[in-house]
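As structure tokens, the structure follows; a few thoughts come after it.
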Amino acid sequence: MVSLQDVAKELNVAVVGGGYAGMTAAVELAARGISVTVYESAQQLGGRARAVRYNDTQLDNGQHLLLGCYRETLRIIGMVGGDIKQDFLCLPLQLELHNQFSLKAPRLPAPMHLLVAFLKAHGLGWNERFKAARFMLALQKMQFHLPQDMTVNALLDLYQQDHNLKLKLWEPLCIAALNTPIHKASAQVMLNVLRDALNRKRADSDMLLPRLDFSALFPDRAAAFVVQRDGQVFMSEGAELITVNELGVAITTATGVHRHSHVICAAPPVVTAKLLRPIAALQASVAQIDALEHQPIYTLYLQYPPQVQLPGPMLGLHQRYSQWLFDKGRIAGQRGLIASVISAEGIHQDLSQGGLANKVIAELREEFGITETPQWYKVIAEKRATFCCSPNLSRPNQVTALPQILLAGDYTAGDYPATLEGAVMSGVRCAAAIR
Ligand SMILES: Cc1cc2nc3c(=O)[nH]c(=O)nc-3n(C[C@H](O)[C@H](O)[C@H](O)COP(=O)(O)OP(=O)(O)OC[C@H]3O[C@@H](n4cnc5c(N)ncnc54)[C@H](O)[C@@H]3O)c2cc1C
């Protein structure tokens, strides 16, 4: 009889792409004794959530925020040696738009914490607070499930969430969670996030801000985990071609042709479509990927003198270019470093990098009285930061028409928008499908 160990020995899996999805799949396989090789085209791991070094300062490709409900992400970080208490600054749910709006969840069990937060929110009239609380109760009653998907804006109109509520509460939440404007965003995906973050345990809505960079937080530890278990991780070695036959797959990289039993393609969607396009059996997956649209995220880092601080580690601005500001001094000990995040499409894309920096510097002066001049700034514009999370989107499944080829990535089928949790869950699913 063939044992499970014998089957595991036969498997020899390639993972193309060392972002959060690919490294999760690699860790899950290596942990079960399955031979795994990661091919990453860049010089470092992490993909869209990777460390960037600039002017001797450790930055990230973009400031990220995790939620307490990102269970799989937190589990996999723990599995490779991360310590959630040490690695993150954990803040109870709070949405603060400086001088305009403030919602803080008290330490009460869910969903009471949220109802009280709505009723005590500053910056909304009583009528608006009741409308928001009533909306949440209605969502709970329907178990956060819509009979038919629609845009977030249409859902808000249906539940009489007026202009002020949209501007101060739902629009910033939707853009932060889905990176898609409310008139384009899927209400069902938004409800999936609200269900997981707001409706179960109070800690699910905690906001987790990493104290270390995004390569160090998981992918670098994951690589060490894989190598310790006899796996291999190659950087600067991208897949150029994938071919398949009944015996397995062959991956061509700059160093030659490598044969494997399976490949988990965890490259970004545009690259994945290019690699799979020559494979006739996978045209349905390729067509789904081709149909995806994308949304940008801009992160502007400003290095001020060390004494410059924001009033808190994270706060929003109302109707400004900067949507969210992060004080990296308070979060990670990088004193004077401020990150301004601008998610989704908008008028900021019409500005030059210098023009955008000037706008943000002026906002910091006007809102917080920061008159110092930054020593430097760095704009990181990710034009294809995430897929555009529109209603009824058809996303490709992790399991394809060919059993030897699987797809991992934040854009693949799942409940979540393009997030670390979506990426990690896809990697877990691919590894489970192979096992
Ligand atoms: C600026 C920004 C801010 C964000 N903020 C948040 C946030 O606050 N919270 C959150 O949850 N999510 C956030 N996200 C989304 C999150 O970063 C992504 O969902 C996640 O990192 C996607 O991981 P992935 O592994 O699916 O893809 P990727 O990270 O894109 O990984 C793909 C990997 O494949 C590699 N690759 C490309 N071509 C090849 C090839 N030919 N061969 C081999 N390898 C190849 C790439 O170099 C990359 O390492 C943000 C994204 C951006 C860009």
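Every chain in the structure tokens has a letter given in the order shown (A, B, ...), and although residue numbers restart at 1 in each chain, ligands are simply numbered from 1 in the order shown.
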Within 6 Å of ligand 1 (only C-alpha atoms and all ligand atoms), residues as a ChimeraX atom specification: /A:16-22,39-42,45-49,61-66,238-240,266-268,271,297,382,385,409-410,418-421,423
If you take only C-alpha atoms and a cut-off of 10 Å, which residues of segment 43-146 of chain A touch segment 370-378 of chain A, and what are their nearest atom pairs and distances in Å to one decimal, in chain and number order, as a tab-separated table?
residue	atom	partner	partner_atom	distance
A:Tyr54	CA	A:Lys378	CA	8.0
A:Asn55	CA	A:Trp376	CA	8.5
A:Leu59	CA	A:Lys378	CA	9.6
Can you write just those residues out, C-alpha atoms, as a tab-separated table (two decimals), in the first residue's frame?
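Below you can see selection-v7.tsv, which holds the result:
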chain	number	residue	atom	x	y	z
A	54	TYR	CA	15.41	54.73	0.79
A	55	ASN	CA	17.91	57.26	2.18
A	59	LEU	CA	10.14	51.87	4.27
Output as JSON lines one row per residue of segment 301-394 of chain A within 7 Å of segment 292-295 of chain A: the closest atom pair and its distance in Å to one decimal place, counting only C-alpha atoms, sorted by chain and residue number ascending.
{"residue": "A:Ala344", "atom": "CA", "partner": "A:Gln295", "partner_atom": "CA", "distance": 5.3}
{"residue": "A:Glu345", "atom": "CA", "partner": "A:Gln295", "partner_atom": "CA", "distance": 6.1}
{"residue": "A:Lys383", "atom": "CA", "partner": "A:Gln295", "partner_atom": "CA", "distance": 6.6}
{"residue": "A:Arg384", "atom": "CA", "partner": "A:His294", "partner_atom": "CA", "distance": 5.3}
{"residue": "A:Ala385", "atom": "CA", "partner": "A:Gln295", "partner_atom": "CA", "distance": 6.0}
{"residue": "A:Thr386", "atom": "CA", "partner": "A:Gln295", "partner_atom": "CA", "distance": 5.5}
{"residue": "A:Phe387", "atom": "CA", "partner": "A:His294", "partner_atom": "CA", "distance": 4.2}
{"residue": "A:Cys388", "atom": "CA", "partner": "A:His294", "partner_atom": "CA", "distance": 4.7}
Pick from A:Gln404, A:Val80, A:Tyr70, A:Pro305, whichever lies nearest to Val227 of chain A using only C-alpha atoms: A:Val80
Do you have, as CSV, the list of residues of segment 348-401 of chain A lying at most 9 Å from segment 308-328 of chain A, each with its nearest atom pair and that distance in Å to one decimal, counting only C-alpha atoms and ordered by chain then number?
residue,atom,partner,partner_atom,distance
A:His348,CA,A:Tyr321,CA,6.7
A:Leu356,CA,A:Tyr321,CA,8.1
A:Lys359,CA,A:Tyr321,CA,7.2
A:Val360,CA,A:Ser322,CA,6.4
A:Glu363,CA,A:Arg320,CA,7.5
A:Glu367,CA,A:Leu317,CA,8.6
A:Phe368,CA,A:Leu310,CA,7.3
A:Ile370,CA,A:Val308,CA,7.3
A:Glu372,CA,A:Val308,CA,8.0
Every residue of segment 186-429 of chain A that DSSP places in helix (DSSP H, G or I), as an MDAnalysis selection string: chainID A and resid 187:198 202:205 214:217 219:228 269:276 280:290 328:332 347:350 353:368 420:429
For Leu282 of chain A: contacts at 9 Å, only C-alpha atoms, fewer than 5 positions along chain excluded, given as a VMD selection string: chain A and resid 276 to 277 287 400 to 402
A:Ala25, A:Ala223, A:Ala254, A:Ala117 ranked by distance to Arg429 of chain A, top pick (using only C-alpha atoms):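 Among A:Ala25, A:Ala223, A:Ala254, A:Ala117, it is A:Ala25 that comes nearest to Arg429 of chain A.
In terms of minimum interatomic distance to His258 of chain A, A:Glu237 ranks closest within A:Asp60, A:Leu337, A:Glu237, A:His122, counting only C-alpha atoms.
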Strand (DSSP E) call set, DSSP backbone run, segment 217-412 of chain A, as a count of residues only: 62
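Distances here use only C-alpha atoms; by that measure, the residue among A:Leu97, A:Leu247, A:Ala187, A:Val52 closest to Ala216 of chain A is A:Val52.
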Shell around Ile77 of chain A at 12 Å using only C-alpha atoms, local window under 4 positions removed, as an MDAnalysis selection string: chainID A and resid 20 23:24 27:28 70:73 81:88 210 214:223 225 420:421 424
Please save N, CA and C atoms of the selected residues as a tab-separated table (two decimals), in the first residue's frame.
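Output contents, as saved in part.tsv:
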chain	number	residue	atom	x	y	z
A	20	TYR	N	3.06	37.29	-0.44
A	20	TYR	CA	2.42	36.65	0.72
A	20	TYR	C	1.68	35.37	0.32
A	23	MET	N	4.49	32.58	-0.63
A	23	MET	CA	5.26	32.12	0.53
A	23	MET	C	4.37	31.35	1.51
A	24	THR	N	3.09	31.71	1.56
A	24	THR	CA	2.18	30.93	2.41
A	24	THR	C	2.06	29.50	1.89
A	27	VAL	N	5.22	27.57	2.69
A	27	VAL	CA	5.33	27.19	4.11
A	27	VAL	C	4.40	26.02	4.42
A	28	GLU	N	3.18	26.10	3.93
A	28	GLU	CA	2.20	25.05	4.21
A	28	GLU	C	2.68	23.70	3.66
A	70	TYR	N	-7.90	38.94	10.51
A	70	TYR	CA	-7.06	38.29	9.49
A	70	TYR	C	-6.44	37.03	10.11
A	71	ARG	N	-7.27	36.06	10.37
A	71	ARG	CA	-6.84	34.90	11.16
A	71	ARG	C	-5.73	34.10	10.48
A	72	GLU	N	-5.89	33.86	9.17
A	72	GLU	CA	-4.89	33.02	8.48
A	72	GLU	C	-3.55	33.75	8.40
A	73	THR	N	-3.59	35.05	8.18
A	73	THR	CA	-2.33	35.80	8.08
A	73	THR	C	-1.61	35.76	9.43
A	81	GLY	N	7.47	31.86	13.15
A	81	GLY	CA	8.25	32.42	14.25
A	81	GLY	C	7.90	33.84	14.64
A	82	GLY	N	6.88	34.43	14.01
A	82	GLY	CA	6.48	35.79	14.39
A	82	GLY	C	5.79	35.79	15.75
A	83	ASP	N	5.84	36.92	16.40
A	83	ASP	CA	5.18	37.07	17.70
A	83	ASP	C	4.23	38.26	17.55
A	84	ILE	N	2.95	37.98	17.48
A	84	ILE	CA	1.97	39.01	17.12
A	84	ILE	C	2.05	40.20	18.09
A	85	LYS	N	2.24	39.91	19.39
A	85	LYS	CA	2.28	41.02	20.37
A	85	LYS	C	3.47	41.92	20.13
A	86	GLN	N	4.60	41.30	19.77
A	86	GLN	CA	5.81	42.12	19.55
A	86	GLN	C	5.82	42.76	18.16
A	87	ASP	N	5.29	42.05	17.19
A	87	ASP	CA	5.44	42.50	15.80
A	87	ASP	C	4.48	43.62	15.43
A	88	PHE	N	3.40	43.79	16.22
A	88	PHE	CA	2.37	44.78	15.83
A	88	PHE	C	2.06	45.74	16.97
A	210	PRO	N	2.14	47.01	11.74
A	210	PRO	CA	3.41	46.30	11.93
A	210	PRO	C	4.52	47.22	12.41
A	214	PHE	N	7.65	44.82	5.90
A	214	PHE	CA	6.79	43.72	5.44
A	214	PHE	C	7.55	42.53	4.88
A	215	SER	N	8.80	42.70	4.49
A	215	SER	CA	9.58	41.52	4.09
A	215	SER	C	9.99	40.76	5.35
A	216	ALA	N	10.41	41.50	6.38
A	216	ALA	CA	10.86	40.85	7.62
A	216	ALA	C	9.68	40.19	8.35
A	217	LEU	N	8.51	40.80	8.26
A	217	LEU	CA	7.35	40.31	9.01
A	217	LEU	C	6.99	38.88	8.66
A	218	PHE	N	6.98	38.55	7.38
A	218	PHE	CA	6.61	37.18	7.00
A	218	PHE	C	7.50	36.55	5.92
A	219	PRO	N	7.65	37.15	4.73
A	219	PRO	CA	8.31	36.40	3.65
A	219	PRO	C	9.73	35.96	3.98
A	220	ASP	N	10.52	36.80	4.63
A	220	ASP	CA	11.90	36.40	4.94
A	220	ASP	C	11.91	35.25	5.95
A	221	ARG	N	11.03	35.34	6.94
A	221	ARG	CA	10.94	34.24	7.91
A	221	ARG	C	10.43	32.97	7.23
A	222	ALA	N	9.49	33.16	6.30
A	222	ALA	CA	8.93	32.01	5.59
A	222	ALA	C	10.02	31.32	4.78
A	223	ALA	N	10.89	32.11	4.14
A	223	ALA	CA	11.97	31.53	3.34
A	223	ALA	C	12.89	30.69	4.24
A	225	PHE	N	12.09	29.24	6.99
A	225	PHE	CA	11.30	28.07	7.39
A	225	PHE	C	11.35	27.00	6.29
A	420	LEU	N	-3.90	41.20	2.28
A	420	LEU	CA	-2.96	40.16	2.71
A	420	LEU	C	-3.73	38.90	3.08
A	421	GLU	N	-4.86	39.06	3.76
A	421	GLU	CA	-5.63	37.89	4.18
A	421	GLU	C	-6.13	37.11	2.95
A	424	VAL	N	-3.09	35.29	1.53
A	424	VAL	CA	-2.68	34.15	2.38
A	424	VAL	C	-3.69	33.00	2.25
Close residues, Ile289 of chain A itself excluded, 8 Å, only C-alpha atoms, min 4 positions apart in chain, as a PyMOL selection string: chain A and resi 269-270+273+285+395-396
